[in-house]
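Structure data (PDB, C-alpha atoms) from protein_20.pdb:
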ATOM      1  CA  MET K 106       6.738 -15.256  10.276
ATOM      2  CA  ALA K 107       7.173 -12.007   8.346
ATOM      3  CA  VAL K 108      10.304 -10.116   7.358
ATOM      4  CA  ASP K 109      10.278  -6.404   6.649
ATOM      5  CA  TRP K 110      13.189  -6.300   4.225
ATOM      6  CA  SER K 111      15.700  -3.635   3.247
ATOM      7  CA  GLY K 112      17.892  -3.083   0.227
ATOM      8  CA  ARG K 113      20.132  -0.524   1.909
ATOM      9  CA  ALA K 114      23.834  -0.949   1.217
ATOM     10  CA  ARG K 115      24.610   0.310   4.739
ATOM     11  CA  GLY K 116      22.566   0.155   7.901
ATOM     12  CA  ALA K 117      20.186  -2.559   6.681
ATOM     13  CA  ARG K 118      20.380  -4.265  10.072
ATOM     14  CA  ILE K 119      18.460  -1.369  11.599
ATOM     15  CA  THR K 120      15.550  -1.517   9.172
ATOM     16  CA  ILE K 121      15.234  -5.291   8.675
ATOM     17  CA  TRP K 122      12.709  -6.616  11.182
ATOM     18  CA  VAL K 123      11.676 -10.233  11.744
ATOM     19  CA  ALA K 124       8.319 -10.990  13.371
ATOM     20  CA  GLU K 125       6.656 -14.204  14.457
ATOM     21  CA  ALA K 126       2.989 -14.674  15.322
ATOM     22  CA  VAL K 127       1.295 -17.788  16.644
ATOM     23  CA  ARG K 128      -2.503 -18.102  16.783
ATOM     24  CA  GLY K 129      -2.966 -14.377  16.362
ATOM     25  CA  GLU K 130      -0.446 -13.378  19.048
ATOM     26  CA  LEU K 131       2.870 -11.635  18.375
ATOM     27  CA  THR K 132       5.587 -13.808  19.928
ATOM     28  CA  PHE K 133       8.816 -12.397  18.465
ATOM     29  CA  LEU K 134       9.888  -9.075  16.976
ATOM     30  CA  GLU K 135      13.510  -8.065  16.475
ATOM     31  CA  ASN K 136      15.902  -6.182  14.197
ATOM     32  CA  GLY K 137      19.708  -6.056  14.127
ATOM     33  CA  ARG K 138      20.472  -8.837  11.615
ATOM     34  CA  SER K 139      22.069  -8.615   8.195
ATOM     35  CA  ARG K 140      20.337 -10.163   5.193
ATOM     36  CA  ASP K 141      22.489 -13.293   5.433
ATOM     37  CA  GLN K 142      21.875 -13.536   9.176
ATOM     38  CA  VAL K 143      18.127 -13.377   8.575
ATOM     39  CA  ALA K 144      18.483 -16.370   6.245
ATOM     40  CA  ASP K 145      20.481 -18.185   8.938
ATOM     41  CA  LEU K 146      17.768 -17.435  11.486
ATOM     42  CA  LEU K 147      14.998 -18.742   9.253
ATOM     43  CA  VAL K 148      16.818 -21.973   8.507
ATOM     44  CA  GLU K 149      17.525 -22.500  12.207
ATOM     45  CA  TRP K 150      14.030 -21.648  13.411
ATOM     46  CA  THR K 151      12.091 -23.636  10.865
ATOM     47  CA  ARG K 152      14.118 -26.839  11.176
ATOM     48  CA  PRO K 153      12.309 -28.206  14.288
ATOM     49  CA  TYR K 154       8.775 -27.413  13.065
ATOM     50  CA  ASP K 155       6.496 -29.214  10.661
ATOM     51  CA  ARG K 156       4.719 -26.220   9.185
ATOM     52  CA  VAL K 157       6.043 -22.662   9.033
ATOM     53  CA  VAL K 158       5.214 -19.909   6.540
ATOM     54  CA  VAL K 159       7.525 -16.929   6.070
ATOM     55  CA  GLY K 160       6.475 -13.762   4.236
ATOM     56  CA  PHE K 161       8.997 -11.436   2.574
ATOM     57  CA  ASP K 162       7.960  -7.960   1.423
ATOM     58  CA  PHE K 163       9.994  -7.763  -1.768
ATOM     59  CA  ALA K 164       9.313  -8.854  -5.348
ATOM     60  CA  PHE K 165      10.307 -12.468  -5.948
ATOM     61  CA  SER K 166      10.781 -12.001  -9.695
ATOM     62  CA  PHE K 167      10.545  -9.638 -12.673
ATOM     63  CA  PRO K 168       7.996  -9.287 -15.461
ATOM     64  CA  ALA K 169       8.186 -12.302 -17.770
ATOM     65  CA  TRP K 170       9.485 -10.246 -20.706
ATOM     66  CA  PHE K 171      12.559  -9.191 -18.706
ATOM     67  CA  LEU K 172      13.363 -12.766 -17.647
ATOM     68  CA  LYS K 173      13.183 -13.950 -21.244
ATOM     69  CA  GLU K 174      15.204 -10.997 -22.519
ATOM     70  CA  SER K 175      17.880 -11.639 -19.880
ATOM     71  CA  GLY K 176      18.081 -15.366 -20.603
ATOM     72  CA  TYR K 177      16.472 -16.660 -17.413
ATOM     73  CA  LEU K 178      14.157 -19.577 -18.148
ATOM     74  CA  SER K 179      12.822 -19.677 -14.581
ATOM     75  CA  ALA K 180      12.784 -17.707 -11.358
ATOM     76  CA  HIS K 181      15.069 -20.334  -9.840
ATOM     77  CA  ALA K 182      17.662 -19.530 -12.506
ATOM     78  CA  LEU K 183      17.332 -15.842 -11.618
ATOM     79  CA  TRP K 184      17.875 -16.502  -7.903
ATOM     80  CA  SER K 185      20.927 -18.643  -8.673
ATOM     81  CA  ALA K 186      22.629 -15.890 -10.671
ATOM     82  CA  PRO K 187      25.787 -14.439  -9.094
ATOM     83  CA  ALA K 188      25.012 -11.556  -6.749
ATOM     84  CA  ASP K 189      27.216  -9.216  -8.783
ATOM     85  CA  VAL K 190      24.727  -9.441 -11.671
ATOM     86  CA  GLY K 191      22.135  -7.672  -9.565
ATOM     87  CA  GLU K 192      24.722  -5.247  -8.238
ATOM     88  CA  SER K 193      25.637  -4.313 -11.798
ATOM     89  CA  TRP K 194      21.963  -3.547 -12.530
ATOM     90  CA  LEU K 195      21.853  -1.309  -9.481
ATOM     91  CA  ALA K 196      25.121   0.448 -10.310
ATOM     92  CA  ALA K 197      24.222   1.166 -13.928
ATOM     93  CA  CYS K 198      20.523   1.984 -13.447
ATOM     94  CA  ALA K 199      20.140   1.512 -17.220
ATOM     95  CA  PRO K 200      16.692   0.979 -18.788
ATOM     96  CA  PRO K 201      14.418  -0.698 -17.876
ATOM     97  CA  PHE K 202      15.629   0.323 -14.375
ATOM     98  CA  TRP K 203      15.027   3.848 -13.185
ATOM     99  CA  GLY K 204      14.760   6.058 -10.112
ATOM    100  CA  ARG K 205      18.271   7.327  -9.540
ATOM    101  CA  PRO K 206      18.898  11.085 -10.005
ATOM    102  CA  GLY K 207      18.647  11.922 -13.688
ATOM    103  CA  ARG K 208      17.352   8.431 -14.553
ATOM    104  CA  PRO K 209      13.591   8.661 -15.208
ATOM    105  CA  ASN K 210      11.520   5.791 -16.572
ATOM    106  CA  ARG K 211      11.895   6.075 -20.328
ATOM    107  CA  ASP K 212      11.825   2.403 -21.277
ATOM    108  CA  GLY K 213       8.243   2.374 -22.542
ATOM    109  CA  ARG K 214       7.489  -1.258 -21.735
ATOM    110  CA  ASN K 215       5.092  -2.381 -19.024
ATOM    111  CA  PRO K 216       7.183  -2.298 -15.820
ATOM    112  CA  PHE K 217       4.713  -4.278 -13.700
ATOM    113  CA  ARG K 218       4.149  -7.947 -13.073
ATOM    114  CA  ALA K 219       0.610  -9.273 -13.488
ATOM    115  CA  THR K 220       0.264  -9.796  -9.719
ATOM    116  CA  GLU K 221       1.059  -6.127  -9.018
ATOM    117  CA  GLN K 222      -1.489  -4.948 -11.542
ATOM    118  CA  ALA K 223      -4.143  -7.207 -10.004
ATOM    119  CA  ILE K 224      -4.038  -5.405  -6.633
ATOM    120  CA  ASP K 225      -6.530  -2.572  -6.294
ATOM    121  CA  PRO K 226      -4.943   0.741  -5.254
ATOM    122  CA  LEU K 227      -5.526   1.702  -1.629
ATOM    123  CA  HIS K 228      -5.970   5.485  -1.363
ATOM    124  CA  GLY K 229      -4.028   5.786  -4.583
ATOM    125  CA  ILE K 230      -1.196   3.536  -3.334
ATOM    126  CA  ARG K 231      -0.339   0.438  -5.310
ATOM    127  CA  PRO K 232       2.697  -1.871  -5.509
ATOM    128  CA  LYS K 233       5.767  -0.300  -7.072
ATOM    129  CA  SER K 234       7.635  -1.714 -10.044
ATOM    130  CA  VAL K 235      10.688  -3.848  -9.306
ATOM    131  CA  PHE K 236      12.538  -1.745 -11.892
ATOM    132  CA  GLN K 237      12.274   1.349  -9.676
ATOM    133  CA  ILE K 238      15.533   1.367  -7.714
ATOM    134  CA  GLY K 239      15.376   4.902  -6.327
ATOM    135  CA  GLY K 240      12.847   7.426  -5.114
ATOM    136  CA  ALA K 241       9.919   7.237  -2.704
ATOM    137  CA  GLY K 242       8.661   3.736  -2.034
ATOM    138  CA  ALA K 243      11.174   2.047  -4.336
ATOM    139  CA  VAL K 244      11.273  -1.729  -3.904
ATOM    140  CA  GLY K 245      13.719  -2.645  -6.660
ATOM    141  CA  THR K 246      16.919  -2.454  -4.625
ATOM    142  CA  GLY K 247      15.519  -4.615  -1.831
ATOM    143  CA  SER K 248      14.141  -7.108  -4.335
ATOM    144  CA  ILE K 249      17.394  -7.441  -6.265
ATOM    145  CA  ARG K 250      19.340  -7.919  -3.031
ATOM    146  CA  GLY K 251      16.692 -10.314  -1.749
ATOM    147  CA  MET K 252      16.575 -12.700  -4.700
ATOM    148  CA  PRO K 253      19.908 -14.400  -3.841
ATOM    149  CA  ILE K 254      18.458 -15.091  -0.385
ATOM    150  CA  LEU K 255      15.558 -16.891  -2.080
ATOM    151  CA  GLY K 256      18.083 -19.055  -3.882
ATOM    152  CA  ARG K 257      19.825 -19.837  -0.626
ATOM    153  CA  LEU K 258      16.599 -20.711   1.185
ATOM    154  CA  SER K 259      15.416 -22.790  -1.753
ATOM    155  CA  ALA K 260      18.637 -24.803  -1.548
ATOM    156  CA  ALA K 261      17.964 -25.238   2.193
ATOM    157  CA  GLY K 262      14.630 -26.911   1.419
ATOM    158  CA  PHE K 263      12.111 -24.069   1.510
ATOM    159  CA  SER K 264       9.171 -24.278  -0.875
ATOM    160  CA  ILE K 265       8.812 -20.885  -2.548
ATOM    161  CA  TRP K 266       5.255 -20.202  -3.632
ATOM    162  CA  PRO K 267       4.007 -20.253  -6.354
ATOM    163  CA  PHE K 268       7.171 -21.415  -8.128
ATOM    164  CA  ASP K 269       7.356 -24.749  -6.284
ATOM    165  CA  PRO K 270       4.775 -27.365  -5.353
ATOM    166  CA  PRO K 271       3.448 -26.388  -1.898
ATOM    167  CA  GLY K 272       5.691 -27.811   0.793
ATOM    168  CA  TRP K 273       7.180 -26.975   4.205
ATOM    169  CA  PRO K 274       8.703 -24.668   5.268
ATOM    170  CA  ARG K 275       7.102 -22.223   2.856
ATOM    171  CA  LEU K 276       7.973 -18.733   1.595
ATOM    172  CA  VAL K 277       5.428 -16.281   0.224
ATOM    173  CA  GLU K 278       5.654 -12.759  -1.147
ATOM    174  CA  ILE K 279       3.595 -10.238   0.826
ATOM    175  CA  TYR K 280       2.550  -6.614   0.357
ATOM    176  CA  PRO K 281       2.313  -5.037   3.828
ATOM    177  CA  ARG K 282       0.186  -2.071   2.704
ATOM    178  CA  ALA K 283      -2.557  -4.488   1.669
ATOM    179  CA  LEU K 284      -2.284  -6.310   5.019
ATOM    180  CA  THR K 285      -2.321  -3.192   7.200
ATOM    181  CA  GLN K 286      -5.035  -1.479   5.117
ATOM    182  CA  ARG K 287      -6.040   2.008   6.234
ATOM    183  CA  VAL K 288      -3.586   3.472   8.693
ATOM    184  CA  HIS K 289      -1.341   6.545   8.724
ATOM    185  CA  LYS K 290       1.833   4.521   9.124
ATOM    186  CA  SER K 291       4.160   7.493   9.478
ATOM    187  CA  SER K 292       2.431   8.450  12.758
ATOM    188  CA  GLN K 293       3.468   6.523  15.862
ATOM    189  CA  LEU K 294       0.211   7.541  17.564
ATOM    190  CA  ASP K 295      -1.780   6.063  14.698
ATOM    191  CA  ARG K 296       0.320   2.899  14.652
ATOM    192  CA  THR K 297      -0.213   2.481  18.392
ATOM    193  CA  ALA K 298      -3.974   3.031  18.119
ATOM    194  CA  TYR K 299      -4.243   0.636  15.185
ATOM    195  CA  LEU K 300      -2.478  -2.166  17.060
ATOM    196  CA  ALA K 301      -4.447  -1.588  20.275
ATOM    197  CA  GLU K 302      -7.772  -1.663  18.452
ATOM    198  CA  ARG K 303      -7.064  -4.874  16.569
ATOM    199  CA  PHE K 304      -4.620  -6.836  18.705
ATOM    200  CA  GLY K 305      -4.688  -5.376  22.223
ATOM    201  CA  THR K 306      -1.713  -4.090  24.176
ATOM    202  CA  SER K 307       1.573  -5.670  25.264
ATOM    203  CA  SER K 308       5.248  -4.779  25.444
ATOM    204  CA  MET K 309       5.747  -6.564  22.120
ATOM    205  CA  LEU K 310       3.029  -4.481  20.463
ATOM    206  CA  THR K 311       4.548  -1.315  21.927
ATOM    207  CA  LEU K 312       7.774  -2.288  20.172
ATOM    208  CA  ALA K 313       5.787  -2.941  16.991
ATOM    209  CA  ALA K 314       4.490   0.628  17.047
ATOM    210  CA  SER K 315       7.975   2.102  17.478
ATOM    211  CA  THR K 316       8.885   2.290  13.769
ATOM    212  CA  GLU K 317       7.165   1.786  10.425
ATOM    213  CA  ASP K 318       9.424  -1.169   9.650
ATOM    214  CA  ALA K 319       8.651  -2.901  12.941
ATOM    215  CA  PHE K 320       4.963  -2.178  12.407
ATOM    216  CA  ASP K 321       4.921  -3.684   8.914
ATOM    217  CA  ALA K 322       6.688  -6.851  10.058
ATOM    218  CA  ALA K 323       4.448  -7.284  13.101
ATOM    219  CA  VAL K 324       1.124  -6.649  11.381
ATOM    220  CA  SER K 325       2.098  -8.840   8.431
ATOM    221  CA  ALA K 326       2.954 -11.739  10.747
ATOM    222  CA  LEU K 327      -0.260 -11.241  12.717
ATOM    223  CA  GLN K 328      -2.416 -11.173   9.592
ATOM    224  CA  MET K 329      -0.670 -14.257   8.246
ATOM    225  CA  SER K 330      -1.318 -16.035  11.544
ATOM    226  CA  LEU K 331      -5.002 -15.133  11.420
ATOM    227  CA  HIS K 332      -5.183 -16.593   7.898
ATOM    228  CA  ALA K 333      -3.048 -19.651   8.585
ATOM    229  CA  SER K 334      -5.585 -22.026   7.048
ATOM    230  CA  GLU K 335      -5.380 -20.144   3.740
ATOM    231  CA  LEU K 336      -1.593 -20.226   3.795
ATOM    232  CA  ALA K 337      -1.715 -23.960   4.480
ATOM    233  CA  SER K 338      -3.834 -24.607   1.377
ATOM    234  CA  LEU K 339      -2.176 -22.468  -1.272
ATOM    235  CA  PRO K 340      -2.873 -23.669  -4.823
ATOM    236  CA  ALA K 341      -0.232 -25.404  -6.878
ATOM    237  CA  TYR K 342       0.485 -23.991 -10.333
ATOM    238  CA  GLY K 343       1.359 -26.393 -13.109
ATOM    239  CA  SER K 344       1.700 -23.680 -15.715
ATOM    240  CA  GLY K 345       1.026 -20.008 -16.316
ATOM    241  CA  LEU K 346       2.572 -16.609 -15.849
ATOM    242  CA  ALA K 347       2.816 -16.941 -12.051
ATOM    243  CA  LEU K 348       5.535 -19.581 -12.446
ATOM    244  CA  LEU K 349       7.765 -16.917 -13.978
ATOM    245  CA  GLU K 350       6.617 -13.715 -12.286
ATOM    246  CA  GLY K 351       5.430 -14.951  -8.905
ATOM    247  CA  GLU K 352       2.320 -13.941  -7.038
ATOM    248  CA  ILE K 353       1.705 -11.695  -4.047
ATOM    249  CA  TRP K 354      -0.183 -13.580  -1.354
ATOM    250  CA  MET K 355      -3.381 -11.844  -0.311
ATOM    251  CA  PRO K 356      -5.883 -13.050   2.302
ATOM    252  CA  ARG K 357      -9.419 -13.582   1.032
ATOM    253  CA  SER K 358     -10.727 -10.953   3.449
ATOM    254  CA  LEU K 359      -9.409  -8.603   6.135
TER     255      LEU K 359
END

Show the structure stored in the file as C-alpha cells.
Amino acid sequence: MAVDWSGRARGARITIWVAEAVRGELTFLENGRSRDQVADLLVEWTRPYDRVVVGFDFAFSFPAWFLKESGYLSAHALWSAPADVGESWLAACAPPFWGRPGRPNRDGRNPFRATEQAIDPLHGIRPKSVFQIGGAGAVGTGSIRGMPILGRLSAAGFSIWPFDPPGWPRLVEIYPRALTQRVHKSSQLDRTAYLAERFGTSSMLTLAASTEDAFDAAVSALQMSLHASELASLPAYGSGLALLEGEIWMPRSL
C-alpha cells in the first residue's frame, strides 16, 4: 500500500490518496479521508493479513543534530511528542525552519538527512528538506503533521523501518519521484501514457491518471508490489545514523 500524504490544514481529504497493489495490479485507489481516518483504515486493513507494507511519502524524522538539540533521543520520542509541538514549529517558522513569506533559509546548518543526500537528483530534482515548510515542493508541513500518525501506528503494532526490527505490518518512507522516474507529472496526457505503457489500462488506472496525487499513490504502490521481495527482506539496523534520521526505501532497480 502507498499513501500520498498532505500537510494541508484544510482540504487534506482531497489530496490524500491511498493505493493498494497486489502482484503488480492496482486493486484500490481512493481519497476523501482525513489523516486520522487514513490511520484507522490502515489498522483495519492490515489486521487480517500476515504481511503488508505501507509506504508514506513524508520524512519520518529530522537530521540527527536537530533531534539532539531538541532533546529527542530517538525517533519514537519525536513521534510521541504532543501534536501542538509540531504546530508551534509551523506557526513560528523560526530557524531552522523556512519557506513562509519573508522567512528564507538563513540557519546555515545542513538541512538534509543523510538519506536525502544519498539520492541522485533526477533532472535536477532531489528530495526537499523537512525544514522547508512553505514554497514549491515543500514537504515539511506534511512530515510534521505525519509524525504523530507514525506514533499512533507504532502503538498499534506496526514495525517502522529502519527504526524497528523488521516485523509485520511494516511502514517505510518512500520518495515518489524516484519511483515514477521520468514523467511530466503535471500533464494528465503524460500520466495516462506512462501508466498505459507500464501497467496497461483499466478504470482504476484511469482514476490514477486523474491527478498528480492519485498518480503518485498508485505508481508508488505498484512499484512496491513489483519489488515485494525486497520489501520483505529489509535489513535490520543495530546502530548508526539511520536509527535517528530514518531511510528512504529505494528499489534496487526500476

Report the closest atom pair, with its distance in Å rounded to one decimal, for each residue of range 118-186 of chain K that has an atom no farther than 10 Å from range 247-251 of chain K; count all atoms listed in the file, sort by chain and then rising residue number, and write it as a Markdown table.
| residue | atom | partner | partner_atom | distance |
| --- | --- | --- | --- | --- |
| K:Arg140 | CA | K:Gly251 | CA | 7.8 |
| K:Asp141 | CA | K:Gly251 | CA | 9.7 |
| K:Phe161 | CA | K:Gly251 | CA | 8.9 |
| K:Asp162 | CA | K:Ser248 | CA | 8.5 |
| K:Phe163 | CA | K:Ser248 | CA | 4.9 |
| K:Ala164 | CA | K:Ser248 | CA | 5.2 |
| K:Phe165 | CA | K:Ser248 | CA | 6.8 |
| K:Ser166 | CA | K:Ser248 | CA | 8.0 |
| K:Phe167 | CA | K:Ser248 | CA | 9.4 |
| K:Leu183 | CA | K:Ile249 | CA | 10.0 |
| K:Trp184 | CA | K:Gly251 | CA | 8.8 |

- Message: Please return as an MDAnalysis selection string every residue within 12 Å of (14.2, 3.7, -5.3), taking into account all atoms listed in the file and the file's own coordinates.
- Response: chainID K and resid 111:113 195 198 202:206 208:210 233:249

- Query: In Å to one decimal, how far is CA of Val157 in chain K from CA of Leu336 in chain K?
  - Reply: 9.6 Å

Enclose all atoms of range 172-180 of chain K listed in the file in an axis-aligned box, grow every side by 8 Å, and hand back centre and edge lengths in Å to one decimal, as lines of an AutoDock Vina configuration file.
center_x = 15.4
center_y = -15.3
center_z = -16.9
size_x = 21.3
size_y = 24.7
size_z = 27.2

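Take CA of Met355 in chain K and CA of His332 in chain K: the distance between them is 9.7 Å.
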
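Comparing K:Ile353, K:Ala260, K:Leu284, K:Ala219 by their smallest distance to Leu331 in chain K, the closest is K:Leu284 (using all atoms listed in the file).
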
- Can you list what the PyMOL selection byres ((chain K and resi 328) around 9) grabs from this structure, as a PyMOL selection string? chain K and resi 126+129+284-285+323-327+329-333+356+359

Would you output that residue set with C-alpha atoms, as a short mmCIF file (atom, residue, chain, number, x, y, z; two decimals), in the frame of the given file?
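Dumped everything to selection_39.cif:
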data_model
loop_
_atom_site.label_atom_id
_atom_site.label_comp_id
_atom_site.auth_asym_id
_atom_site.auth_seq_id
_atom_site.Cartn_x
_atom_site.Cartn_y
_atom_site.Cartn_z
CA ALA K 126 2.99 -14.67 15.32
CA GLY K 129 -2.97 -14.38 16.36
CA LEU K 284 -2.28 -6.31 5.02
CA THR K 285 -2.32 -3.19 7.20
CA ALA K 323 4.45 -7.28 13.10
CA VAL K 324 1.12 -6.65 11.38
CA SER K 325 2.10 -8.84 8.43
CA ALA K 326 2.95 -11.74 10.75
CA LEU K 327 -0.26 -11.24 12.72
CA MET K 329 -0.67 -14.26 8.25
CA SER K 330 -1.32 -16.04 11.54
CA LEU K 331 -5.00 -15.13 11.42
CA HIS K 332 -5.18 -16.59 7.90
CA ALA K 333 -3.05 -19.65 8.59
CA PRO K 356 -5.88 -13.05 2.30
CA LEU K 359 -9.41 -8.60 6.14
#

- Task: Just say which residues the PyMOL selection byres ((chain K and resi 122) around 6) picks in this file, as JSON, numbers by chain.
- Result: {"K": [108, 109, 121, 123, 135, 136, 319]}

- For Thr151 in chain K, list every protein, DNA or RNA residue within 9 Å, evaluated using all atoms listed in the file, and leave out those in the same chain fewer than 6 positions away; present the list as a list in words.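 Result of the neighbour search: Val157, Val158, Trp273 and Pro274 of chain K.
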
Take the residues just selected and output them with C-alpha atoms as an mmCIF file, in the frame of the given file.
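Everything below was put into part05.cif:
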data_model
loop_
_atom_site.group_PDB
_atom_site.id
_atom_site.type_symbol
_atom_site.label_atom_id
_atom_site.label_comp_id
_atom_site.auth_asym_id
_atom_site.auth_seq_id
_atom_site.Cartn_x
_atom_site.Cartn_y
_atom_site.Cartn_z
ATOM 1 C CA VAL K 157 6.043 -22.662 9.033
ATOM 2 C CA VAL K 158 5.214 -19.909 6.540
ATOM 3 C CA TRP K 273 7.180 -26.975 4.205
ATOM 4 C CA PRO K 274 8.703 -24.668 5.268
#

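Nearest-residue note for Gln222 in chain K: choosing from K:Met309, K:Leu146, K:Gly272, K:Glu352, the minimum distance belongs to K:Glu352, counting only C-alpha atoms.
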
- Message: So, with all atoms listed in the file as the atoms that count, which of K:Ser358, K:Leu147, K:Ile230, K:Leu349 lies closest to Leu178 in chain K?
- Response: K:Leu349

- Which polymer residues have any atom within 8 Å of an atom of Leu300 in chain K, counting all atoms listed in the file, with same-chain residues fewer than 4 positions away left out, as a list in words?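 Near neighbours after the sequence-gap exclusion: Arg296, Phe304, Gly305, Thr306, Leu310 and Ala314 of chain K.
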
- Neighbour residues at most 10 Å from (20.6, -19.7, 0.1) (all atoms listed in the file) as a list in words: Asp141, Ala144, Asp145, Val148, Trp184, Ser185, Met252, Pro253, Ile254, Leu255, Gly256, Arg257, Leu258, Ser259, Ala260, Ala261, Gly262 and Phe263 of chain K

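Put simply, CA of Met106 in chain K is 27.8 Å away from CA of Ser344 in chain K.
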
- Identify which of the residues K:Val190, K:Leu339, K:Leu346, K:Ala114 lies closest to Trp170 in chain K, counting all atoms listed in the file when measuring atom-to-atom distances.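 Of the candidates, the smallest distance to Trp170 in chain K is held by K:Leu346.
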
- Judged by all atoms listed in the file, the minimum distance to Arg156 in chain K among K:Arg231, K:Arg275, K:Arg128, K:Arg287 is found for K:Arg275

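Between His181 in chain K and the residues K:Pro226, K:Asp295, K:Arg118, K:Pro267, the shortest atom-to-atom distance, using only C-alpha atoms, involves K:Pro267.
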
- Task: Quick one: everything within 9 Å of Asp269 in chain K, counting only C-alpha atoms, minus sequence neighbours fewer than 3 positions away in the same chain. Send it as a list of chain:residue names.
- Result: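 Contacts, in chain order: K:Ser264, K:Ile265, K:Trp266, K:Gly272, K:Ala341, K:Tyr342, K:Leu348.
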